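Q: Here you go, one structure.
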Amino acid sequence: MSGSTHEFSATLGVTGAAQQTASFTQNLGGRPACPAFAQAGIAGIGPSAWYLPDNPDATFLMTWDLLTYLGPGSYTDPSAMSVSLSVGGQVFDQWPTSVLSVTVKADGSGSASFQNLHPYPQASTAMVSGTETWTCS
């Protein structure tokens, strides 16, 4: 593990039934340097995983995990992802109609897009879409 401090710098934007944008940083202390982190992901029981940067503001928070991470590349299989978004007290989750895409680059930067996250606990037409981009340094 690297002794230096590194971080994600990210921007999350949401449109549709809720609209909000935020830029934020997330400290990656305790993780390897960005290229090694991008290569290995997060080891655990079972396959490696990867998580997208989390906004520290609980009123606008997206939790997005790649449950089977194979290193840098593009991921579009929603069954291998877990996505939940909280905007101003309303929770939106992935549903079978959601379209999800994540790209992680070899330097640890990346981008993600989502369409048709539905309000929890029931699906409705009040959906949200958006993007998240990040760098790792």
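Ligands are numbered from 1 in the order shown, residues from 1 within each chain, and chains are lettered A, B, ... in the order they appear in the structure tokens.
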As a CSV table (one decimal) with N, CA and C atoms, in the first residue's frame, please: the residues near Val104 in chain A (cut-off 7 Å, only C-alpha atoms, same-chain neighbours under 2 positions excluded).
A:
chain,number,residue,atom,x,y,z
A,72,PRO,N,-9.4,-2.6,-15.2
A,72,PRO,CA,-9.9,-1.5,-16.1
A,72,PRO,C,-10.7,-2.0,-17.3
A,73,GLY,N,-11.7,-1.2,-17.6
A,73,GLY,CA,-12.6,-1.6,-18.8
A,73,GLY,C,-14.0,-1.1,-18.6
A,74,SER,N,-14.9,-1.5,-19.4
A,74,SER,CA,-16.3,-1.1,-19.4
A,74,SER,C,-17.1,-2.2,-18.9
A,102,VAL,N,-20.4,1.7,-16.7
A,102,VAL,CA,-19.3,2.2,-15.9
A,102,VAL,C,-18.0,1.9,-16.7
A,106,ALA,N,-7.1,2.7,-16.6
A,106,ALA,CA,-6.0,2.1,-16.0
A,106,ALA,C,-5.4,3.0,-14.9
A,108,GLY,N,-7.2,4.8,-12.8
A,108,GLY,CA,-8.1,4.9,-11.7
A,108,GLY,C,-9.2,5.9,-12.0
A,109,SER,N,-9.1,6.7,-13.0
A,109,SER,CA,-10.2,7.6,-13.4
A,109,SER,C,-11.3,6.8,-14.1
A,110,GLY,N,-12.4,7.5,-14.3
A,110,GLY,CA,-13.5,6.8,-15.0
A,110,GLY,C,-14.8,7.6,-15.1
A,111,SER,N,-15.8,7.0,-15.6
A,111,SER,CA,-17.1,7.6,-15.8
A,111,SER,C,-18.2,6.6,-15.7
Q: Could you write out, as a list in words, all the residues of range 36-135 of chain A that DSSP marks as alpha helix (DSSP H)?
A: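 Matching residues for alpha helix (DSSP H) in range 36-135 of chain A are Ala36, Phe37, Ala38, Gln39 and Ala40 of chain A.
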Q: Which is closer to His6 in chain A than all the others in A:Thr125, A:Asn55, A:Gln94, A:Thr25, using only C-alpha atoms?
A: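 Of A:Thr125, A:Asn55, A:Gln94, A:Thr25, the one nearest His6 in chain A is A:Thr25, counting only C-alpha atoms.
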Q: Pick from A:Asn116, A:Ser84, A:Gln26, A:Ser48: nearest to Ser137 in chain A, with only C-alpha atoms counted?
A: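 Among the listed residues, A:Gln26 lies closest to Ser137 in chain A.
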Q: May I ask for the distance between CA of Ala112 in chain A and CA of Thr131 in chain A, given in Å to one decimal place?
A: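 Interatomic distance here is 5.5 Å.
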Q: Looking at only C-alpha atoms, which of A:Trp50, A:Phe37, A:Trp134, A:Trp95 is the one that sits closest to Pro119 in chain A?
A: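 Checking each candidate against Pro119 in chain A, we get A:Trp95 as the closest.
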Q: Would you mind telling me which residue in A:Gly71, A:Gly44, A:Gly130, A:Gly30 lies nearest to Ser98 in chain A when using only C-alpha atoms?
A: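 Smallest separation from Ser98 in chain A among the options: A:Gly130.
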Q: Which of these, A:Leu70, A:Ile42, A:Val99, A:Ala22, has the shortest distance to Pro56 in chain A once you count only C-alpha atoms?
A: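 Selected residue with least distance to Pro56 in chain A: A:Ala22.
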Q: Report as a PDB file with N, CA and C atoms, in the first residue's frame all protein, DNA and RNA residues lying within 6 Å of Thr15 in chain A, evaluated on only C-alpha atoms, omitting residues in the same chain fewer than 4 positions from it.
A:
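That gives us around_23.pdb:
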ATOM      1  N   GLN A  19     -33.261  16.856  -9.568  1.00  0.00           N
ATOM      2  CA  GLN A  19     -32.157  17.459 -10.311  1.00  0.00           C
ATOM      3  C   GLN A  19     -31.160  18.053  -9.335  1.00  0.00           C
ATOM      4  N   VAL A 128     -35.020   8.985 -12.498  1.00  0.00           N
ATOM      5  CA  VAL A 128     -33.875   9.873 -12.654  1.00  0.00           C
ATOM      6  C   VAL A 128     -32.825   9.200 -13.529  1.00  0.00           C
ATOM      7  N   SER A 129     -32.003  10.045 -14.156  1.00  0.00           N
ATOM      8  CA  SER A 129     -30.857   9.617 -14.952  1.00  0.00           C
ATOM      9  C   SER A 129     -29.705  10.528 -14.583  1.00  0.00           C
ATOM     10  N   GLY A 130     -28.491  10.178 -15.008  1.00  0.00           N
ATOM     11  CA  GLY A 130     -27.377  11.063 -14.721  1.00  0.00           C
ATOM     12  C   GLY A 130     -26.029  10.458 -15.052  1.00  0.00           C
TER      13      GLY A 130
END
Q: For the strand (DSSP E) assignment from backbone DSSP, which residues of range 1-136 of chain A qualify? Please present them as a PyMOL selection string.
A: chain A and resi 7-16+20-27+42-44+46-51+60-66+73-75+81-87+90-93+99-104+110-119+128-136
Q: Have a look at CA of Thr5 in chain A and CA of Asp54 in chain A and let me know their distance in Å, one decimal.
A: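 Atom-to-atom, CA of Thr5 in chain A and CA of Asp54 in chain A are spaced 17.0 Å apart.
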Q: Please, what distance in Å, to one decimal, runs between CA of Ala38 in chain A and CA of Val91 in chain A?
A: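 Atom-to-atom, CA of Ala38 in chain A to CA of Val91 in chain A, that is 28.7 Å.
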Q: Which is closer to Met81 in chain A than all the others in A:Asp93, A:Asp57, A:Glu7, A:Glu132, using only C-alpha atoms?
A: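 Among the listed residues, A:Asp93 lies closest to Met81 in chain A.
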Q: Extract, using only C-alpha atoms, all DNA, RNA and protein residues at most 8 Å from Ala10 in chain A, discarding same-chain residues fewer than 2 positions from it, and format them as a count of residues only.
A: 10
